[in-house]
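> Below: one structure in structure tokens.
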Amino acid sequence: MAAQIPLWFVLGLRISRRIAPLLGLMLTFNIGGLLSLTVMRDLDTGPMYVAVSTFLAITSVFYAAIIEDRPERLQVIFKAWTLAAVATATLGILGYFHAFPGAEIFTRYDRAMGAFQDPNVFGPFLIAPSLYLIHGLLTGRLMAAPLRILGLLIISFGIFLSFSRAAWALFVFSAVIMVIILLIQKRSGAFRLKILLLALTAAVLMVLTLAIALQSEKVRTIFSARTELVQDYDGGHLGRFERHRIGFMMSMERPLGIGPLAFNKIFPEDEHNIWLKSLTTYGWIGFVCYLTMMIWTLCFGFKYLLRERPWQPYLMITWIVMVGHAAIGDVIDLDHWRHVYLLFGILWGCRALEMRHQSKLARQPHIAM
């Protein structure tokens, strides 16, 4: 990406005025990170952290620009994402069951993490590809169904073995919301029956897969522990929720934040809350930018959600996953999750496509909306 981005812009890729607000918000967000460095006594890895944040912000703008340039790239992006998801989920599954010597490098704390460094990032990464496959099952040709079902089973099993409660909730929420939206969007009774039958079949297959997995005592033990609503590290002394309360109070007195990665030097663990993370690492400026960016993105995504466009399925999938990520951001830190920046880029790219489409309609008023 570091090589591609400047090359594409040198070769003529441009940032339109439709994408410029995303660039402005992302850069201002990271200016907040630079300002937070000024309050740190020991910079340590702080500058590198902000440098990575800035790089990821630029990738988001890059995704939006290439989508606006050619909307056909949306299909390429989702196919590549799905292939990557199947590959990393397979690694996580093989690692969890120690399928070959050294396979445990694809796990952490007896939880599958694939080629990632954390099961809590691995699980959510798989959600958008799983929705892409579900959408293909519900709306695509039956000839391709076996491959999609196989891919979906691998990905969903990978999500399960991540033992990430956020990923489990995100998967169920996203699948249910997408089925509801499709039922609203499609008026044909036959199509609605097809959706309901296929959704029911997929649910039965997943339940059977879960039942088979729970035959393993190791899986059953971890599953039982992870299904507890509040873990010791959530509600205990200086647990997740208490750290949130103290952190927010502390941030009210520190408008520039406390610096990247400084929170876990004060408390036992990191923030595990994207809103608190934006305050501590990027200051009030970063918090306002991130909140503005998230609300703006979700609002225009909802506005364009049901419009019949070639890019509508991709917008719908991405918007649903982004809503879920905004929700789990209350209990987990999304900063530096590369796929979240991809989600922002896809949605802003679709926004640019919609605005360009509307401009064409305005010049040709005889064309129906």
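All residue names refer to the structure tokens as shown: chains lettered A, B, ... in order, residues numbered from 1 in each chain, ligands numbered from 1 in order.
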Using only C-alpha atoms, which residues sit within 10 Å of region 135-149 of chain A once same-chain residues fewer than 5 positions away are excluded, as number ranges by chain?
A: 129-130, 154-155, 175, 178-179, 182, 191-192, 194-199, 202, 205, 313-314, 317
> Which polymer residues have any atom within 10 Å of an atom of region 156-158 of chain A, counting only C-alpha atoms, with same-chain residues fewer than 4 positions away left out, as an NGL selection string?
:A and (85-86 or 88-94 or 96 or 111-114 or 119 or 122-123 or 126-127 or 130 or 150-152 or 162-163 or 168 or 171 or 206 or 209-210 or 213)
> Quick one: write out the picked residues with C-alpha atoms as a PDB file, in the first residue's frame?

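The resulting file, again.pdb, is shown below:
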ATOM      1  CA  ALA A  85     -11.165 -14.160   5.044  1.00  0.00           C
ATOM      2  CA  VAL A  86     -11.456 -17.800   3.981  1.00  0.00           C
ATOM      3  CA  THR A  88      -7.135 -16.606   7.464  1.00  0.00           C
ATOM      4  CA  ALA A  89     -10.179 -18.409   8.923  1.00  0.00           C
ATOM      5  CA  THR A  90      -8.730 -21.700   7.652  1.00  0.00           C
ATOM      6  CA  LEU A  91      -5.425 -20.904   9.348  1.00  0.00           C
ATOM      7  CA  GLY A  92      -7.266 -20.105  12.568  1.00  0.00           C
ATOM      8  CA  ILE A  93      -9.224 -23.369  12.458  1.00  0.00           C
ATOM      9  CA  LEU A  94      -6.146 -25.464  11.667  1.00  0.00           C
ATOM     10  CA  TYR A  96      -6.917 -24.186  16.967  1.00  0.00           C
ATOM     11  CA  ARG A 111      -8.520 -18.739  20.679  1.00  0.00           C
ATOM     12  CA  ALA A 112      -8.193 -18.758  16.893  1.00  0.00           C
ATOM     13  CA  MET A 113      -6.651 -15.608  15.438  1.00  0.00           C
ATOM     14  CA  GLY A 114      -5.532 -16.748  11.980  1.00  0.00           C
ATOM     15  CA  PRO A 119      -8.551 -12.802  18.092  1.00  0.00           C
ATOM     16  CA  PHE A 122      -9.575 -11.504  13.553  1.00  0.00           C
ATOM     17  CA  GLY A 123     -13.277 -12.135  14.303  1.00  0.00           C
ATOM     18  CA  LEU A 126     -14.495 -11.834   8.889  1.00  0.00           C
ATOM     19  CA  ILE A 127     -17.949 -10.206   9.193  1.00  0.00           C
ATOM     20  CA  SER A 130     -19.554 -13.433   5.549  1.00  0.00           C
ATOM     21  CA  LEU A 150     -18.521 -23.792   1.973  1.00  0.00           C
ATOM     22  CA  GLY A 151     -16.855 -20.394   2.303  1.00  0.00           C
ATOM     23  CA  LEU A 152     -19.520 -19.221   4.748  1.00  0.00           C
ATOM     24  CA  SER A 162     -12.137 -16.646  17.855  1.00  0.00           C
ATOM     25  CA  PHE A 163     -14.281 -16.734  21.006  1.00  0.00           C
ATOM     26  CA  TRP A 168     -20.313 -13.228  17.730  1.00  0.00           C
ATOM     27  CA  PHE A 171     -22.123 -11.593  13.103  1.00  0.00           C
ATOM     28  CA  MET A 206     -24.606 -23.148  11.459  1.00  0.00           C
ATOM     29  CA  THR A 209     -21.738 -26.904  12.945  1.00  0.00           C
ATOM     30  CA  LEU A 210     -21.883 -25.360  16.420  1.00  0.00           C
ATOM     31  CA  ALA A 213     -17.850 -28.173  17.591  1.00  0.00           C
TER      32      ALA A 213
END
> Hey, what's within 9 Å of Leu170 (chain A) if we count only C-alpha atoms and toss same-chain stuff fewer than 3 positions away? As JSON, numbers by chain, please?
{"A": [124, 127, 165, 166, 167, 173, 174, 175, 321, 324, 325, 327, 328]}
> Okay, now the selection with all heavy atoms, as a PDB file, in the first residue's frame?

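Written out: result36.pdb:
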ATOM      1  N   PRO A 124     -13.964  -9.796  13.941  1.00  0.00           N
ATOM      2  CA  PRO A 124     -14.686  -8.747  13.216  1.00  0.00           C
ATOM      3  C   PRO A 124     -14.251  -8.584  11.764  1.00  0.00           C
ATOM      4  O   PRO A 124     -15.052  -8.180  10.919  1.00  0.00           O
ATOM      5  CB  PRO A 124     -14.369  -7.483  14.038  1.00  0.00           C
ATOM      6  CG  PRO A 124     -14.147  -7.994  15.421  1.00  0.00           C
ATOM      7  CD  PRO A 124     -13.450  -9.302  15.242  1.00  0.00           C
ATOM      8  N   ILE A 127     -16.496 -10.477   9.264  1.00  0.00           N
ATOM      9  CA  ILE A 127     -17.949 -10.206   9.193  1.00  0.00           C
ATOM     10  C   ILE A 127     -18.380  -9.737   7.806  1.00  0.00           C
ATOM     11  O   ILE A 127     -19.345 -10.259   7.236  1.00  0.00           O
ATOM     12  CB  ILE A 127     -18.359  -9.178  10.266  1.00  0.00           C
ATOM     13  CG1 ILE A 127     -17.961  -9.654  11.662  1.00  0.00           C
ATOM     14  CG2 ILE A 127     -19.869  -8.933  10.188  1.00  0.00           C
ATOM     15  CD1 ILE A 127     -18.555 -10.984  12.063  1.00  0.00           C
ATOM     16  N   ARG A 165     -16.646 -12.282  21.903  1.00  0.00           N
ATOM     17  CA  ARG A 165     -18.073 -11.989  22.098  1.00  0.00           C
ATOM     18  C   ARG A 165     -18.535 -10.861  21.184  1.00  0.00           C
ATOM     19  O   ARG A 165     -19.669 -10.873  20.695  1.00  0.00           O
ATOM     20  CB  ARG A 165     -18.326 -11.629  23.569  1.00  0.00           C
ATOM     21  CG  ARG A 165     -18.096 -12.783  24.540  1.00  0.00           C
ATOM     22  CD  ARG A 165     -18.176 -12.320  25.974  1.00  0.00           C
ATOM     23  NE  ARG A 165     -17.109 -11.373  26.280  1.00  0.00           N
ATOM     24  CZ  ARG A 165     -17.064 -10.621  27.375  1.00  0.00           C
ATOM     25  NH1 ARG A 165     -18.049 -10.688  28.250  1.00  0.00           N
ATOM     26  NH2 ARG A 165     -16.068  -9.807  27.608  1.00  0.00           N
ATOM     27  N   ALA A 166     -17.650  -9.888  20.936  1.00  0.00           N
ATOM     28  CA  ALA A 166     -17.988  -8.795  20.028  1.00  0.00           C
ATOM     29  C   ALA A 166     -18.211  -9.317  18.611  1.00  0.00           C
ATOM     30  O   ALA A 166     -19.156  -8.907  17.923  1.00  0.00           O
ATOM     31  CB  ALA A 166     -16.880  -7.747  20.041  1.00  0.00           C
ATOM     32  N   ALA A 167     -17.355 -10.246  18.175  1.00  0.00           N
ATOM     33  CA  ALA A 167     -17.489 -10.808  16.823  1.00  0.00           C
ATOM     34  C   ALA A 167     -18.758 -11.646  16.716  1.00  0.00           C
ATOM     35  O   ALA A 167     -19.455 -11.598  15.695  1.00  0.00           O
ATOM     36  CB  ALA A 167     -16.260 -11.650  16.479  1.00  0.00           C
ATOM     37  N   PHE A 173     -25.992  -9.890  14.560  1.00  0.00           N
ATOM     38  CA  PHE A 173     -26.645  -8.607  14.279  1.00  0.00           C
ATOM     39  C   PHE A 173     -26.619  -8.302  12.788  1.00  0.00           C
ATOM     40  O   PHE A 173     -27.648  -7.961  12.185  1.00  0.00           O
ATOM     41  CB  PHE A 173     -25.945  -7.494  15.060  1.00  0.00           C
ATOM     42  CG  PHE A 173     -26.292  -6.102  14.601  1.00  0.00           C
ATOM     43  CD1 PHE A 173     -27.448  -5.474  15.045  1.00  0.00           C
ATOM     44  CD2 PHE A 173     -25.469  -5.414  13.712  1.00  0.00           C
ATOM     45  CE1 PHE A 173     -27.775  -4.193  14.611  1.00  0.00           C
ATOM     46  CE2 PHE A 173     -25.786  -4.143  13.279  1.00  0.00           C
ATOM     47  CZ  PHE A 173     -26.947  -3.531  13.728  1.00  0.00           C
ATOM     48  N   SER A 174     -25.436  -8.427  12.161  1.00  0.00           N
ATOM     49  CA  SER A 174     -25.273  -8.061  10.751  1.00  0.00           C
ATOM     50  C   SER A 174     -26.120  -8.951   9.838  1.00  0.00           C
ATOM     51  O   SER A 174     -26.775  -8.460   8.909  1.00  0.00           O
ATOM     52  CB  SER A 174     -23.802  -8.158  10.349  1.00  0.00           C
ATOM     53  OG  SER A 174     -23.013  -7.288  11.121  1.00  0.00           O
ATOM     54  N   ALA A 175     -26.118 -10.262  10.113  1.00  0.00           N
ATOM     55  CA  ALA A 175     -26.881 -11.188   9.274  1.00  0.00           C
ATOM     56  C   ALA A 175     -28.376 -10.908   9.376  1.00  0.00           C
ATOM     57  O   ALA A 175     -29.090 -10.880   8.362  1.00  0.00           O
ATOM     58  CB  ALA A 175     -26.583 -12.625   9.679  1.00  0.00           C
ATOM     59  N   VAL A 321     -22.160  -3.417   8.560  1.00  0.00           N
ATOM     60  CA  VAL A 321     -20.961  -3.782   9.333  1.00  0.00           C
ATOM     61  C   VAL A 321     -20.429  -2.564  10.088  1.00  0.00           C
ATOM     62  O   VAL A 321     -19.974  -2.684  11.232  1.00  0.00           O
ATOM     63  CB  VAL A 321     -19.883  -4.374   8.410  1.00  0.00           C
ATOM     64  CG1 VAL A 321     -18.601  -4.649   9.182  1.00  0.00           C
ATOM     65  CG2 VAL A 321     -20.391  -5.662   7.765  1.00  0.00           C
ATOM     66  N   GLY A 324     -22.477  -1.984  13.192  1.00  0.00           N
ATOM     67  CA  GLY A 324     -22.064  -2.935  14.210  1.00  0.00           C
ATOM     68  C   GLY A 324     -20.740  -2.563  14.847  1.00  0.00           C
ATOM     69  O   GLY A 324     -20.570  -2.682  16.073  1.00  0.00           O
ATOM     70  N   HIS A 325     -19.785  -2.082  14.051  1.00  0.00           N
ATOM     71  CA  HIS A 325     -18.496  -1.679  14.608  1.00  0.00           C
ATOM     72  C   HIS A 325     -18.638  -0.448  15.506  1.00  0.00           C
ATOM     73  O   HIS A 325     -17.935  -0.341  16.521  1.00  0.00           O
ATOM     74  CB  HIS A 325     -17.499  -1.401  13.478  1.00  0.00           C
ATOM     75  CG  HIS A 325     -16.817  -2.631  12.960  1.00  0.00           C
ATOM     76  ND1 HIS A 325     -17.464  -3.594  12.232  1.00  0.00           N
ATOM     77  CD2 HIS A 325     -15.538  -3.076  13.100  1.00  0.00           C
ATOM     78  CE1 HIS A 325     -16.616  -4.556  11.925  1.00  0.00           C
ATOM     79  NE2 HIS A 325     -15.447  -4.277  12.442  1.00  0.00           N
ATOM     80  N   ALA A 327     -21.107   0.161  17.325  1.00  0.00           N
ATOM     81  CA  ALA A 327     -21.687  -0.334  18.588  1.00  0.00           C
ATOM     82  C   ALA A 327     -20.640  -1.057  19.437  1.00  0.00           C
ATOM     83  O   ALA A 327     -20.514  -0.792  20.638  1.00  0.00           O
ATOM     84  CB  ALA A 327     -22.864  -1.257  18.295  1.00  0.00           C
ATOM     85  N   ILE A 328     -19.862  -1.963  18.831  1.00  0.00           N
ATOM     86  CA  ILE A 328     -18.881  -2.706  19.627  1.00  0.00           C
ATOM     87  C   ILE A 328     -17.714  -1.815  20.034  1.00  0.00           C
ATOM     88  O   ILE A 328     -16.935  -2.174  20.926  1.00  0.00           O
ATOM     89  CB  ILE A 328     -18.352  -3.953  18.891  1.00  0.00           C
ATOM     90  CG1 ILE A 328     -17.531  -3.574  17.650  1.00  0.00           C
ATOM     91  CG2 ILE A 328     -19.491  -4.891  18.535  1.00  0.00           C
ATOM     92  CD1 ILE A 328     -16.832  -4.753  17.003  1.00  0.00           C
TER      93      ILE A 328
END
> Extract, using only C-alpha atoms, all DNA, RNA and protein residues at most 8 Å from Trp311 (chain A), discarding same-chain residues fewer than 2 positions from it, and format them as an MDAnalysis selection string.
chainID A and resid 71 74 309 313:315 350
> How would the residues just picked look written out with N, CA, C and O atoms as a compact mmCIF listing (two decimals), in the first residue's frame?

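This is the output file out.txt:
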# COMPACT_ATOMS: atom_id res chain seq x y z
N PRO A 71 -16.40 2.21 -10.21
CA PRO A 71 -17.22 1.47 -9.25
C PRO A 71 -17.08 -0.04 -9.37
O PRO A 71 -17.39 -0.77 -8.42
N LEU A 74 -15.40 -2.24 -6.65
CA LEU A 74 -16.06 -2.72 -5.45
C LEU A 74 -16.13 -4.25 -5.44
O LEU A 74 -15.90 -4.89 -4.41
N ARG A 309 -29.04 0.97 -7.14
CA ARG A 309 -27.82 1.36 -7.84
C ARG A 309 -26.95 0.10 -8.01
O ARG A 309 -27.06 -0.85 -7.23
N PRO A 313 -25.61 -3.09 -3.19
CA PRO A 313 -25.31 -4.22 -2.29
C PRO A 313 -24.05 -4.01 -1.47
O PRO A 313 -24.00 -4.37 -0.29
N TYR A 314 -23.03 -3.41 -2.08
CA TYR A 314 -21.76 -3.19 -1.38
C TYR A 314 -21.93 -2.12 -0.30
O TYR A 314 -21.40 -2.24 0.80
N LEU A 315 -22.69 -1.07 -0.65
CA LEU A 315 -22.97 -0.03 0.33
C LEU A 315 -23.75 -0.61 1.50
O LEU A 315 -23.45 -0.32 2.67
N CYS A 350 -18.83 5.12 -2.20
CA CYS A 350 -20.22 4.98 -2.64
C CYS A 350 -20.96 6.31 -2.57
O CYS A 350 -21.80 6.63 -3.42
> Counting only C-alpha atoms, what is within 6 Å of Ala64 (chain A), bar same-chain residues fewer than 2 positions away, as a VMD selection string?
chain A and resid 61 to 62 66 to 67 345 to 346 348 to 349
